[in-house]
Amino acid sequence: MMFSPAVRQSWAVSGVLLNMLGQGMVLSFPVVLLPGLKADDSTIKTDLETMSWLSSVVGLACFPGYLISAFFMELWGRKTAHAMVILPGTLGWLLIYFATDVTTLMAGRILGGFTAGASTTLGAVIIGEYTSPQLRGMFLNLKTAAVCVGNTLVHIVGHFYTWRTVAIFGLAPHVIAFGIICTWPESPTWLAAKFKFQQSEKAWLWLRGDDQNSRNEYGSMTKAQKQRLSEIREKSSFQRHVVIFLQKFTRKDFLKPLLIILFAAILLETCGRHIFPAYALRIIEEISGDKSRTFYYMIIIDLITTFSSMFSSALVRMLKRRTLLFVTGGASIAVLMAICTYLYLSAIDVISKDRAWLPVSMLMLYFLLANLGCTPIPLALLGEVFPVAHRGAGSAMSGLTLSICLMVALKVTPAMLESVKVYGTFAIFGVAMGLSLVVFYFILPETKDRTLQEIEDFFNHGRFLSDKKVPGDDEENTTMLKI
């Protein structure tokens with residue numbers, strides 16, 4: 001073979017990362033769009049309520065994206081599904097560019113949100129299935145870095161050009177990603193789940209190579225799928241599929257991952273992953289009190305966030321997921337509460353407001369820490385925790401959870417900034433982050449260097465079967481929840 005497995009996996013993942021870069025541009029676009037609409041010379045007139053919907057409707061539009069992508073990837077495969085979900089986002093940017101009224105702008109934002117939502121879970125699943133356990137964590141964390149790069153591009157381009165020009169820039173990642181996706185093989189995991197084992201093996205060898213570890217992992221995966229063969233073929237009616245879907249809510253290997261995703265979504269939104277890019281100018285202006293320097297502070301924070309996300313991709317290869325999450329998460333909350341305390345004391349004139357550099361510096365430190373663990377790891381879990389039998393339904397339910405959390409966060413943040421200011425908003429988010437980390441301490445398994453089959457076994461049996469057995473492990477385990 002001309003290229004090594006790592007190179008071929010990197011090429012495949014680059015299509016996902018470009019799509020995630022496009023998602024970052026969609027999420028940050030309100031920073032450019034809303035000031036443009038409020039300008040005196042704007043040809044499109046609107047009010048504050050409508051502008052808040054232009055920002056938050058992306059979260060609402062994400063859910064059908066999650067749902068439909070979950071259906072497409074089960075029905076037609078990961079490759080075809082990913083290519084198809086790019087098209088609405090491309091059309092959305094075109095509608096925004098040519099928009100002459102709020103309705104067209106809203107339609108463009110909805111289509112962009114659809115693709116952003118579809119890309120999140122589908123991209124995570126693709127990285128999980130296309131890459132080796134040793135590279136999977138790094139690639140999943142690079143998804144976050146790609147979103148950060150998209151945020152930064154919007155902030156930089158939007159400073160020099162109008163929001164219409166930014167919309168044209170937003171087309172490029174989707175178009176390039178579409179071309180890369182067309183060169184992929186289909187997911188070997190999906191092919192095995194459809195019992196196309198010959199095609200699955202060919203795709204697996206193209207992606208993973210033909211060494212002994214690769215063969216062992218492929219053997220474990222296909223063994224699990226062959227055990228499902230007779231059962232799946234018997235369950236062919238629509239009514240039976242509905243029953244199977246509902247029965248998933250009684251299974252530990254479905255509910256435990258879903259609970260993890262719920263708190264991952266809460267952690268992701270409350271750490272500011274999507275809120276800050278959308279309302280960065282307003283937040284930094286209130287913290288610094290200096291509107292003239294707001295843009296430069298924002299770009300510095302964008303660059304720190306991007307660097308932190310990229311560095312996290314290296315750290316995740318050296319450190320355990322849980323260690324990275326809890327150490328950086330705890331430090332992030334401590335810094336965030338320090339920012340809240342400083343801003344509150346300065347607001348009630350207990351301390352001077354002259355040292356604006358201090359809270360801005362602390363904010364930079366916060367995003368450096370948060371993007372090492374609290375942002376990338378929740379997104380990485382989307383590609384790891386659901387067994388292949390539940391991956392479609394799991395992606396749909398994860399999408400619903402992420403969509404609701406995103407929409408609520410984007411919708412309520414302007415009101416919170418108005419009523420309880422930045423320090424109150426950050427304090428509420430810090431408490432929610434702390435709650436999520438406490439729950440994760442008890443329910444999150446360590447997935448570093450584990451195969452997807454090993455992770456599936458953990459949720460079925462309560463332990464990794466590849467580890468040494470301990471007394472009591474021979475007792476029969478059931479996948480049904482005990483009432």
# chains A, B, ... in the order shown; residues from 1 in each chain; ligands from 1

$ closest_atom_pairs --of "stretch 346-447 of chain A" --to "stretch 325-340 of chain A" --cutoff "9 Å" --atoms "only C-alpha atoms" --output "Markdown table"
| residue | atom | partner | partner_atom | distance |
| --- | --- | --- | --- | --- |
| A:Leu358 | CA | A:Ile339 | CA | 8.8 |
| A:Pro359 | CA | A:Ile339 | CA | 5.8 |
| A:Val360 | CA | A:Ile339 | CA | 8.7 |
| A:Met362 | CA | A:Ile339 | CA | 6.5 |
| A:Leu363 | CA | A:Ile339 | CA | 7.1 |
| A:Leu365 | CA | A:Val335 | CA | 7.5 |
| A:Tyr366 | CA | A:Ser332 | CA | 5.4 |
| A:Phe367 | CA | A:Ser332 | CA | 7.7 |
| A:Leu368 | CA | A:Ser332 | CA | 8.5 |
| A:Leu369 | CA | A:Thr328 | CA | 5.5 |
| A:Ala370 | CA | A:Ser332 | CA | 5.6 |
| A:Asn371 | CA | A:Thr328 | CA | 8.6 |
| A:Leu372 | CA | A:Thr328 | CA | 6.6 |
| A:Gly373 | CA | A:Leu325 | CA | 4.6 |
| A:Cys374 | CA | A:Gly329 | CA | 5.8 |
| A:Ile377 | CA | A:Leu325 | CA | 7.1 |
| A:Val422 | CA | A:Cys340 | CA | 7.6 |
| A:Tyr423 | CA | A:Cys340 | CA | 4.3 |
| A:Gly424 | CA | A:Cys340 | CA | 7.0 |
| A:Thr425 | CA | A:Cys340 | CA | 8.7 |
| A:Phe426 | CA | A:Cys340 | CA | 6.5 |
| A:Ala427 | CA | A:Cys340 | CA | 6.2 |
| A:Gly430 | CA | A:Ile333 | CA | 5.7 |
| A:Val431 | CA | A:Ile333 | CA | 8.2 |
| A:Met433 | CA | A:Ile333 | CA | 7.3 |
| A:Gly434 | CA | A:Ile333 | CA | 7.1 |
| A:Leu437 | CA | A:Phe326 | CA | 6.9 |
| A:Phe440 | CA | A:Phe326 | CA | 8.9 |
| A:Tyr441 | CA | A:Phe326 | CA | 8.0 |

$ residues_around --residues "A:Ile127" --least-positions-apart "6" --cutoff "7 Å" --atoms "only C-alpha atoms" --output "ChimeraX atom specification"
/A:13,136,139-140,383

$ write_last_selection --atoms "C-alpha atoms" --output "mmCIF file, in the first residue's frame"
data_model
loop_
_atom_site.group_PDB
_atom_site.id
_atom_site.type_symbol
_atom_site.label_atom_id
_atom_site.label_comp_id
_atom_site.auth_asym_id
_atom_site.auth_seq_id
_atom_site.Cartn_x
_atom_site.Cartn_y
_atom_site.Cartn_z
ATOM 1 C CA VAL A 13 -10.824 12.371 9.297
ATOM 2 C CA ARG A 136 -9.144 7.892 18.078
ATOM 3 C CA PHE A 139 -8.839 12.810 16.264
ATOM 4 C CA LEU A 140 -11.969 13.222 18.391
ATOM 5 C CA GLY A 383 -18.008 8.605 19.129
#

$ select_by_dssp --residues "stretch 181-398 of chain A" --states "helix (DSSP H, G or I)" --output "ChimeraX atom specification"
/A:181,188-193,197-208,212-227,229-234,238-250,252-270,275-288,291-318,321-347,357-370,376-381,388-398

$ closest_residue --among "A:Gln134, A:Ser187, A:Thr100, A:Thr294" --to "A:Val388" --atoms "only C-alpha atoms"
A:Ser187

$ closest_residue --among "A:Met51, A:Leu444, A:Leu122, A:Ile404" --to "A:Ile266" --atoms "only C-alpha atoms"
A:Ile404

$ closest_residue --among "A:Phe249, A:Thr90, A:Thr451, A:Gly65" --to "A:Ser214" --atoms "only C-alpha atoms"
A:Thr451

$ atom_distance --atom1 "atom CA of A:Leu381" --atom2 "atom CA of A:Ile260"
8.2 Å

$ residues_around --residues "A:Pro414" --least-positions-apart "4" --cutoff "9 Å" --atoms "only C-alpha atoms" --output "mmCIF file with all heavy atoms, in the first residue's frame"
data_model
loop_
_atom_site.group_PDB
_atom_site.id
_atom_site.type_symbol
_atom_site.label_atom_id
_atom_site.label_comp_id
_atom_site.auth_asym_id
_atom_site.auth_seq_id
_atom_site.Cartn_x
_atom_site.Cartn_y
_atom_site.Cartn_z
ATOM 1 N N SER A 52 -32.291 37.608 18.690
ATOM 2 C CA SER A 52 -31.971 36.509 19.600
ATOM 3 C C SER A 52 -32.364 35.172 18.987
ATOM 4 O O SER A 52 -31.694 34.158 19.186
ATOM 5 C CB SER A 52 -32.683 36.702 20.946
ATOM 6 O OG SER A 52 -34.063 36.425 20.861
ATOM 7 N N TYR A 279 -21.546 35.321 21.761
ATOM 8 C CA TYR A 279 -21.722 36.570 22.504
ATOM 9 C C TYR A 279 -20.394 37.123 23.009
ATOM 10 O O TYR A 279 -20.347 37.833 24.017
ATOM 11 C CB TYR A 279 -22.674 36.342 23.693
ATOM 12 C CG TYR A 279 -24.024 35.812 23.272
ATOM 13 C CD1 TYR A 279 -24.390 34.498 23.558
ATOM 14 C CD2 TYR A 279 -24.922 36.599 22.571
ATOM 15 C CE1 TYR A 279 -25.622 33.989 23.163
ATOM 16 C CE2 TYR A 279 -26.153 36.110 22.171
ATOM 17 C CZ TYR A 279 -26.496 34.803 22.474
ATOM 18 O OH TYR A 279 -27.720 34.308 22.074
ATOM 19 N N LEU A 410 -28.172 29.244 24.226
ATOM 20 C CA LEU A 410 -28.103 30.416 23.353
ATOM 21 C C LEU A 410 -29.267 31.368 23.578
ATOM 22 O O LEU A 410 -29.128 32.596 23.435
ATOM 23 C CB LEU A 410 -28.068 29.980 21.887
ATOM 24 C CG LEU A 410 -26.788 29.282 21.416
ATOM 25 C CD1 LEU A 410 -26.933 28.805 19.982
ATOM 26 C CD2 LEU A 410 -25.582 30.208 21.543
ATOM 27 N N GLU A 418 -28.158 40.309 30.821
ATOM 28 C CA GLU A 418 -28.863 41.557 31.102
ATOM 29 C C GLU A 418 -29.280 41.650 32.569
ATOM 30 O O GLU A 418 -29.172 42.701 33.196
ATOM 31 C CB GLU A 418 -30.092 41.676 30.208
ATOM 32 C CG GLU A 418 -30.759 43.041 30.209
ATOM 33 C CD GLU A 418 -29.920 44.106 29.540
ATOM 34 O OE1 GLU A 418 -29.176 43.780 28.596
ATOM 35 O OE2 GLU A 418 -29.999 45.271 29.977
ATOM 36 N N SER A 419 -29.742 40.537 33.138
ATOM 37 C CA SER A 419 -30.324 40.561 34.480
ATOM 38 C C SER A 419 -29.297 40.343 35.590
ATOM 39 O O SER A 419 -29.306 41.059 36.602
ATOM 40 C CB SER A 419 -31.427 39.511 34.594
ATOM 41 O OG SER A 419 -30.917 38.212 34.324
#

$ closest_atom_pairs --of "stretch 236-305 of chain A" --to "stretch 21-26 of chain A" --cutoff "10 Å" --atoms "only C-alpha atoms" --output "JSON lines"
{"residue": "A:His274", "atom": "CA", "partner": "A:Gly24", "partner_atom": "CA", "distance": 8.6}
{"residue": "A:Pro277", "atom": "CA", "partner": "A:Gly24", "partner_atom": "CA", "distance": 8.6}
{"residue": "A:Ala278", "atom": "CA", "partner": "A:Val26", "partner_atom": "CA", "distance": 9.5}

$ decode --residues "stretch 279-355 of chain A" --atoms "C-alpha atoms" --output "PDB file, in the first residue's frame"
ATOM      1  CA  TYR A 279     -21.722  36.570  22.504  1.00  0.00           C
ATOM      2  CA  ALA A 280     -17.975  37.159  22.760  1.00  0.00           C
ATOM      3  CA  LEU A 281     -18.012  40.889  22.025  1.00  0.00           C
ATOM      4  CA  ARG A 282     -20.653  41.630  24.640  1.00  0.00           C
ATOM      5  CA  ILE A 283     -19.002  39.491  27.329  1.00  0.00           C
ATOM      6  CA  ILE A 284     -15.491  40.864  26.784  1.00  0.00           C
ATOM      7  CA  GLU A 285     -16.741  44.450  26.598  1.00  0.00           C
ATOM      8  CA  GLU A 286     -18.446  44.114  29.992  1.00  0.00           C
ATOM      9  CA  ILE A 287     -15.410  42.436  31.551  1.00  0.00           C
ATOM     10  CA  SER A 288     -12.811  44.842  30.170  1.00  0.00           C
ATOM     11  CA  GLY A 289     -14.877  48.027  30.074  1.00  0.00           C
ATOM     12  CA  ASP A 290     -12.891  49.049  26.993  1.00  0.00           C
ATOM     13  CA  LYS A 291     -14.803  48.713  23.725  1.00  0.00           C
ATOM     14  CA  SER A 292     -11.812  49.813  21.620  1.00  0.00           C
ATOM     15  CA  ARG A 293      -9.795  46.731  22.629  1.00  0.00           C
ATOM     16  CA  THR A 294     -12.619  44.191  22.600  1.00  0.00           C
ATOM     17  CA  PHE A 295     -11.769  42.784  19.165  1.00  0.00           C
ATOM     18  CA  TYR A 296      -8.117  42.207  20.056  1.00  0.00           C
ATOM     19  CA  TYR A 297      -9.014  40.533  23.353  1.00  0.00           C
ATOM     20  CA  MET A 298     -11.458  38.309  21.490  1.00  0.00           C
ATOM     21  CA  ILE A 299      -8.879  37.248  18.900  1.00  0.00           C
ATOM     22  CA  ILE A 300      -6.328  36.471  21.629  1.00  0.00           C
ATOM     23  CA  ILE A 301      -8.892  34.306  23.428  1.00  0.00           C
ATOM     24  CA  ASP A 302      -9.783  32.607  20.123  1.00  0.00           C
ATOM     25  CA  LEU A 303      -6.129  31.775  19.495  1.00  0.00           C
ATOM     26  CA  ILE A 304      -5.661  30.513  23.064  1.00  0.00           C
ATOM     27  CA  THR A 305      -8.781  28.364  22.724  1.00  0.00           C
ATOM     28  CA  THR A 306      -7.596  26.915  19.423  1.00  0.00           C
ATOM     29  CA  PHE A 307      -4.103  26.217  20.769  1.00  0.00           C
ATOM     30  CA  SER A 308      -5.558  24.627  23.900  1.00  0.00           C
ATOM     31  CA  SER A 309      -7.827  22.347  21.856  1.00  0.00           C
ATOM     32  CA  MET A 310      -4.918  21.249  19.658  1.00  0.00           C
ATOM     33  CA  PHE A 311      -2.691  20.669  22.682  1.00  0.00           C
ATOM     34  CA  SER A 312      -5.478  18.599  24.215  1.00  0.00           C
ATOM     35  CA  SER A 313      -5.276  16.310  21.185  1.00  0.00           C
ATOM     36  CA  ALA A 314      -1.671  15.560  22.172  1.00  0.00           C
ATOM     37  CA  LEU A 315      -2.405  15.302  25.904  1.00  0.00           C
ATOM     38  CA  VAL A 316      -5.175  12.777  25.345  1.00  0.00           C
ATOM     39  CA  ARG A 317      -2.589  10.368  23.920  1.00  0.00           C
ATOM     40  CA  MET A 318      -0.490  10.669  27.082  1.00  0.00           C
ATOM     41  CA  LEU A 319      -3.051  11.040  29.877  1.00  0.00           C
ATOM     42  CA  LYS A 320      -6.166   9.135  30.803  1.00  0.00           C
ATOM     43  CA  ARG A 321      -9.464  10.774  29.799  1.00  0.00           C
ATOM     44  CA  ARG A 322     -10.749  10.929  33.377  1.00  0.00           C
ATOM     45  CA  THR A 323      -7.524  12.438  34.710  1.00  0.00           C
ATOM     46  CA  LEU A 324      -7.495  15.127  32.032  1.00  0.00           C
ATOM     47  CA  LEU A 325     -11.183  15.926  32.522  1.00  0.00           C
ATOM     48  CA  PHE A 326     -11.214  16.198  36.303  1.00  0.00           C
ATOM     49  CA  VAL A 327      -7.903  18.046  36.730  1.00  0.00           C
ATOM     50  CA  THR A 328      -8.562  20.668  34.057  1.00  0.00           C
ATOM     51  CA  GLY A 329     -12.281  20.820  34.878  1.00  0.00           C
ATOM     52  CA  GLY A 330     -11.673  21.487  38.562  1.00  0.00           C
ATOM     53  CA  ALA A 331      -9.070  24.136  37.758  1.00  0.00           C
ATOM     54  CA  SER A 332     -11.449  25.752  35.222  1.00  0.00           C
ATOM     55  CA  ILE A 333     -14.217  26.098  37.802  1.00  0.00           C
ATOM     56  CA  ALA A 334     -11.789  27.613  40.333  1.00  0.00           C
ATOM     57  CA  VAL A 335     -10.650  30.254  37.802  1.00  0.00           C
ATOM     58  CA  LEU A 336     -14.231  30.949  36.698  1.00  0.00           C
ATOM     59  CA  MET A 337     -15.350  31.557  40.281  1.00  0.00           C
ATOM     60  CA  ALA A 338     -12.353  33.867  40.782  1.00  0.00           C
ATOM     61  CA  ILE A 339     -13.505  35.881  37.756  1.00  0.00           C
ATOM     62  CA  CYS A 340     -17.050  36.071  39.169  1.00  0.00           C
ATOM     63  CA  THR A 341     -15.777  37.225  42.557  1.00  0.00           C
ATOM     64  CA  TYR A 342     -13.586  39.941  41.040  1.00  0.00           C
ATOM     65  CA  LEU A 343     -16.344  41.236  38.744  1.00  0.00           C
ATOM     66  CA  TYR A 344     -18.919  41.263  41.554  1.00  0.00           C
ATOM     67  CA  LEU A 345     -16.620  43.097  43.968  1.00  0.00           C
ATOM     68  CA  SER A 346     -15.737  45.656  41.311  1.00  0.00           C
ATOM     69  CA  ALA A 347     -19.439  46.093  40.442  1.00  0.00           C
ATOM     70  CA  ILE A 348     -20.272  47.032  44.051  1.00  0.00           C
ATOM     71  CA  ASP A 349     -17.154  49.264  44.255  1.00  0.00           C
ATOM     72  CA  VAL A 350     -15.345  47.169  46.845  1.00  0.00           C
ATOM     73  CA  ILE A 351     -12.288  47.002  44.586  1.00  0.00           C
ATOM     74  CA  SER A 352     -11.127  49.272  41.783  1.00  0.00           C
ATOM     75  CA  LYS A 353     -12.225  48.783  38.175  1.00  0.00           C
ATOM     76  CA  ASP A 354      -8.932  50.169  36.860  1.00  0.00           C
ATOM     77  CA  ARG A 355      -7.221  46.765  36.534  1.00  0.00           C
TER      78      ARG A 355
END
